[in-house]
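K.L.:
Hey, dropping entry_38.txt in here, compact mmCIF, C-alpha atoms:
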# COMPACT_ATOMS: atom_id res chain seq x y z
CA MET A 1 36.44 -58.09 68.90
CA PRO A 2 37.59 -56.09 71.91
CA VAL A 3 41.34 -56.06 72.32
CA ILE A 4 43.01 -57.12 75.56
CA THR A 5 45.59 -54.38 75.99
CA THR A 6 47.09 -55.23 79.38
CA ILE A 7 47.58 -58.34 81.46
CA GLN A 8 49.12 -57.46 84.80
CA ASP A 9 49.88 -60.18 87.38
CA TYR A 10 50.57 -59.91 91.10
CA ASN A 11 52.12 -62.22 93.66
CA GLY A 12 52.82 -65.29 91.57
CA PHE A 13 49.47 -65.42 89.78
CA ALA A 14 50.86 -67.15 86.66
CA ALA A 15 52.85 -69.72 88.65
CA LYS A 16 49.86 -70.53 90.85
CA ILE A 17 47.42 -71.04 87.99
CA SER A 18 49.95 -73.24 86.23
CA ARG A 19 50.65 -75.31 89.34
CA LEU A 20 46.93 -75.79 90.08
CA SER A 21 46.02 -76.41 86.39
CA LEU A 22 43.79 -73.33 86.33
CA ASP A 23 45.06 -72.17 82.92
CA GLY A 24 41.86 -73.38 81.22
CA LEU A 25 39.61 -71.40 83.56
CA VAL A 26 41.69 -68.26 83.13
CA ALA A 27 41.50 -68.75 79.34
CA GLU A 28 37.70 -69.11 79.58
CA ALA A 29 37.41 -65.92 81.64
CA THR A 30 39.65 -64.09 79.17
CA SER A 31 37.55 -65.35 76.25
CA THR A 32 34.51 -63.48 77.59
CA LEU A 33 36.19 -60.30 76.31
CA THR A 34 36.47 -61.58 72.75
CA GLY A 35 34.07 -63.00 70.19
CA PHE A 36 31.73 -60.02 70.07
CA GLN A 37 31.94 -56.64 68.42
CA LEU A 38 32.43 -53.59 70.64
CA LEU A 39 31.89 -50.41 68.67
CA ILE A 40 31.56 -47.14 70.56
CA GLU A 41 31.21 -43.45 69.90
CA GLU A 42 34.61 -41.95 70.60
CA ARG A 43 33.35 -38.97 72.54
CA ARG A 44 34.00 -38.39 76.24
CA HIS A 45 31.37 -40.12 78.44
CA ALA A 46 29.13 -40.79 75.40
CA ASN A 47 28.62 -44.51 75.98
CA GLY A 48 26.59 -46.41 78.54
CA THR A 49 28.08 -49.44 80.27
CA GLN A 50 25.15 -51.63 81.33
CA GLY A 51 24.87 -53.30 77.91
CA LEU A 52 28.60 -54.02 77.89
CA ARG A 53 28.38 -55.60 81.34
CA ARG A 54 25.37 -57.64 80.24
CA THR A 55 27.29 -58.93 77.20
CA ILE A 56 30.26 -60.03 79.31
CA ASP A 57 27.95 -61.71 81.83
CA GLU A 58 26.09 -63.51 79.01
CA ARG A 59 29.42 -64.78 77.70
CA PHE A 60 30.34 -66.21 81.13
CA ASP A 61 26.89 -67.79 81.35
CA GLY A 62 27.22 -69.20 77.82
CA ILE A 63 30.48 -70.99 78.62
CA GLY A 64 28.78 -72.97 81.34
CA GLY A 65 29.91 -73.94 84.81
CA TRP A 66 30.58 -70.40 86.02
CA ALA A 67 28.61 -69.51 89.16
CA CYS A 68 27.33 -65.94 89.40
CA VAL A 69 26.71 -63.91 92.54
CA LYS A 70 24.62 -60.81 91.80
CA SER A 71 25.65 -58.88 94.92
CA GLY A 72 27.72 -59.35 98.05
CA GLY A 73 30.33 -61.69 96.60
CA ILE A 74 32.63 -62.44 93.70
CA ASP A 75 30.87 -61.93 90.36
CA TRP A 76 31.90 -65.25 88.75
CA THR A 77 33.62 -68.37 90.10
CA LYS A 78 34.43 -71.76 88.64
CA ALA A 79 36.37 -74.78 89.84
CA ASN A 80 38.36 -77.20 87.71
CA GLU A 81 38.19 -81.01 88.06
CA ARG A 82 40.94 -80.89 90.73
CA GLY A 83 39.01 -78.40 92.87
CA GLY A 84 41.14 -75.35 92.07
CA THR A 85 38.93 -72.28 91.79
CA VAL A 86 39.19 -68.95 89.99
CA GLY A 87 37.17 -65.89 90.98
CA VAL A 88 36.46 -63.04 88.56
CA GLU A 89 35.31 -59.51 89.31
CA VAL A 90 33.97 -57.64 86.27
CA GLN A 91 34.09 -53.88 86.81
CA VAL A 92 32.91 -52.12 83.68
CA SER A 93 29.63 -50.58 84.75
CA GLY A 94 30.04 -49.34 88.30
CA ARG A 95 31.83 -46.44 89.87
CA SER A 96 35.58 -46.72 90.13
CA ASP A 97 35.41 -46.84 93.95
CA MET A 98 33.54 -50.17 93.64
CA LEU A 99 36.91 -51.73 92.79
CA ALA A 100 37.78 -51.49 96.48
CA VAL A 101 34.74 -53.66 97.27
CA ASP A 102 35.67 -56.11 94.50
CA ILE A 103 39.18 -56.45 95.89
CA LEU A 104 37.72 -57.01 99.36
CA HIS A 105 35.59 -59.84 97.94
CA LEU A 106 38.63 -61.40 96.26
CA SER A 107 40.83 -60.93 99.36
CA GLU A 108 38.30 -62.51 101.73
CA SER A 109 37.69 -65.45 99.37
CA LEU A 110 41.42 -66.02 98.84
CA ALA A 111 42.11 -65.87 102.59
CA ALA A 112 39.23 -68.29 103.29
CA GLY A 113 40.45 -70.72 100.62
CA VAL A 114 37.24 -70.36 98.61
CA ILE A 115 39.23 -69.37 95.51
CA ASP A 116 42.87 -69.88 94.58
CA ALA A 117 43.36 -66.93 92.20
CA GLY A 118 41.44 -63.80 91.25
CA LEU A 119 40.92 -61.86 88.05
CA ILE A 120 39.74 -58.29 87.68
CA ILE A 121 38.32 -57.21 84.31
CA VAL A 122 38.31 -53.47 83.56
CA PRO A 123 38.34 -51.15 80.53
CA ASP A 124 41.75 -49.73 79.71
CA GLY A 125 42.50 -46.02 80.02
CA GLU A 126 41.61 -45.30 76.40
CA LEU A 127 38.19 -46.99 76.48
CA SER A 128 37.16 -45.72 79.91
CA VAL A 129 37.30 -42.09 78.74
CA PHE A 130 34.44 -42.80 76.32
CA LEU A 131 32.29 -44.66 78.88
CA THR A 132 29.99 -43.30 81.57
CA ASP A 133 31.54 -40.86 84.02
CA ARG A 134 33.57 -42.50 86.83
CA THR A 135 33.83 -45.86 85.09
CA PRO A 136 36.84 -47.73 86.49
CA ASN A 137 39.91 -48.37 84.39
CA LEU A 138 43.30 -50.07 84.46
CA ALA A 139 45.02 -47.30 86.44
CA THR A 140 42.32 -47.41 89.12
CA ALA A 141 42.50 -51.20 89.35
CA VAL A 142 46.29 -51.14 89.69
CA ARG A 143 46.10 -48.48 92.39
CA HIS A 144 43.54 -50.49 94.40
CA VAL A 145 45.46 -53.76 94.05
CA LEU A 146 48.73 -52.13 95.10
CA HIS A 147 47.05 -50.49 98.08
CA ARG A 148 44.89 -53.41 99.25
CA ALA A 149 45.99 -56.70 97.68
CA ARG A 150 49.52 -56.60 96.32
CA ASP A 151 50.35 -59.81 98.17
CA LEU A 152 47.52 -61.84 96.59
CA PRO A 153 47.54 -63.87 93.36
CA ILE A 154 45.51 -61.48 91.20
CA ARG A 155 45.53 -60.71 87.48
CA ILE A 156 44.13 -57.52 85.99
CA LEU A 157 42.81 -57.80 82.43
CA ALA A 158 42.25 -54.47 80.68
CA PHE A 159 40.52 -54.25 77.32
CA ARG A 160 39.62 -51.72 74.63
CA HIS A 161 36.91 -51.42 72.00
CA ASP A 162 37.56 -52.64 68.48
CA GLY A 163 36.13 -49.76 66.49
CA VAL A 164 33.98 -46.67 66.14
CA GLY A 165 30.21 -46.82 65.88
CA ALA A 166 27.06 -45.51 67.50
CA ALA A 167 27.11 -44.68 71.19
CA LEU A 168 26.28 -47.55 73.53
CA PRO A 169 22.89 -46.80 75.11
CA LYS A 170 22.80 -45.39 78.61
CA ILE A 171 20.27 -46.44 81.19
CA ARG A 172 17.91 -43.86 82.54
CA THR A 173 18.19 -43.02 86.20
CA ASN A 174 15.87 -41.14 88.52
CA LEU A 175 18.20 -38.15 88.32
CA SER A 176 18.13 -38.11 84.52
CA ARG A 177 14.33 -38.21 84.60
CA VAL A 178 14.28 -35.25 87.01
CA ALA A 179 16.61 -33.31 84.69
CA GLU A 180 14.30 -33.98 81.72
CA HIS A 181 11.17 -33.03 83.66
CA PRO A 182 12.13 -30.32 86.14
CA PRO A 183 9.58 -29.52 88.85
CA ASN A 184 7.43 -26.44 88.71
CA GLU A 185 8.87 -23.42 90.46
CA GLY A 186 8.67 -23.86 94.23
CA GLU A 187 7.99 -27.62 93.94
CA PRO A 188 10.66 -30.03 95.22
CA PRO A 189 12.13 -32.47 92.67
CA LYS A 190 10.31 -35.79 92.55
CA GLY A 191 12.11 -38.70 94.13
CA ARG A 192 14.26 -36.52 96.39
CA ASN A 193 13.63 -35.59 100.03
The structure given in the file should be rewritten as structure tokens.
P.N.:
Amino acid sequence: MPVITTIQDYNGFAAKISRLSLDGLVAEATSTLTGFQLLIEERRHANGTQGLRRTIDERFDGIGGWACVKSGGIDWTKANERGGTVGVEVQVSGRSDMLAVDILHLSESLAAGVIDAGLIIVPDGELSVFLTDRTPNLATAVRHVLHRARDLPIRILAFRHDGVGAALPKIRTNLSRVAEHPPNEGEPPKGRN
């Protein structure tokens, strides 16, 4: 199972989830990082991240009751029986600058009263080195929260792999296809203008 290496709270997160009886929802969100095996190749940038993101999303979906927004909002939200709501941003497969957008989503939803507390899930500094280039990590998440949301009830959960294995598959992009099949001399690369 992946190991949760850091839990970092801001602006009374723990007190707020306790007061609003959101502990169960936070425990559910945290459980999405456990219960599966995460083996990676321990070589810089050797591992893809899309499969890892898919696994975490499947675990949220499998719990039940978590609402997913594919783009333009908080990744996962769920309310308890008293109406208290937790929002979760999972940032394991995007670029590290996408954390700024995630924090904007959390900030807007907290200010509007749509959610009462926010969680950010990221790889820790050790794991992120072995993932795709520019994958966010704990240090990036902390920097963004301190810069943009230090006054909001947010928790950062950072996790690490549980062992060494084969590299996680990477998805193919248009740029990787161009690199594998370079154009003939004098011909522009396909897919680029």
K.L.:
With only C-alpha atoms counted, which protein, DNA or RNA residues have an atom no more than 10 Å from (32.4, -43.4, 79.7) in the file frame? Please answer as an MDAnalysis selection string.
P.N.:
chainID A and resid 40:49 92:93 123 126:136 168 170
K.L.:
So, counting only C-alpha atoms, which residue among A:Pro153, A:Gly118, A:Gly163, A:Gly113 is closest to Trp76 (chain A)?
P.N.:
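Looking only at the distances to Trp76 (chain A), the closest residue turns out to be A:Gly118.
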K.L.:
Within 6 Å of region 157-160 of chain A, counting only C-alpha atoms, which residues show up once you throw out same-chain ones fewer than 2 positions away? Write them as a ChimeraX atom specification, please.
P.N.:
/A:2-7,121-124,127,138
K.L.:
Figure out the distance between CA of Thr30 (chain A) and CA of Arg155 (chain A), please, to one decimal in Å.
P.N.:
10.7 Å
K.L.:
Between CA of Asp57 (chain A) and CA of Ala167 (chain A), what is the distance in Å, rounded to a tenth?
P.N.:
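Value for the CA of Asp57 (chain A)-CA of Ala167 (chain A) distance: 20.1 Å.
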K.L.:
Measure the distance from CA of Ile171 (chain A) to CA of Gln50 (chain A) in Å and round it to one decimal.
P.N.:
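Computing it gives 7.1 Å between the two atoms.
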K.L.:
Calculated over only C-alpha atoms, which of the candidates A:Leu20, A:Leu52, A:Ala112, A:Ala79 has the smallest distance to Pro169 (chain A)?
P.N.:
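Checking each of A:Leu20, A:Leu52, A:Ala112, A:Ala79 against Pro169 (chain A), counting only C-alpha atoms, the winner is A:Leu52.
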K.L.:
Restricting the calculation to all atoms listed in the file, which member of A:Gly51, A:Gly84, A:Gly165, A:Gly125 is positioned closest to Lys16 (chain A)?
P.N.:
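The closest residue to Lys16 (chain A) is A:Gly84.
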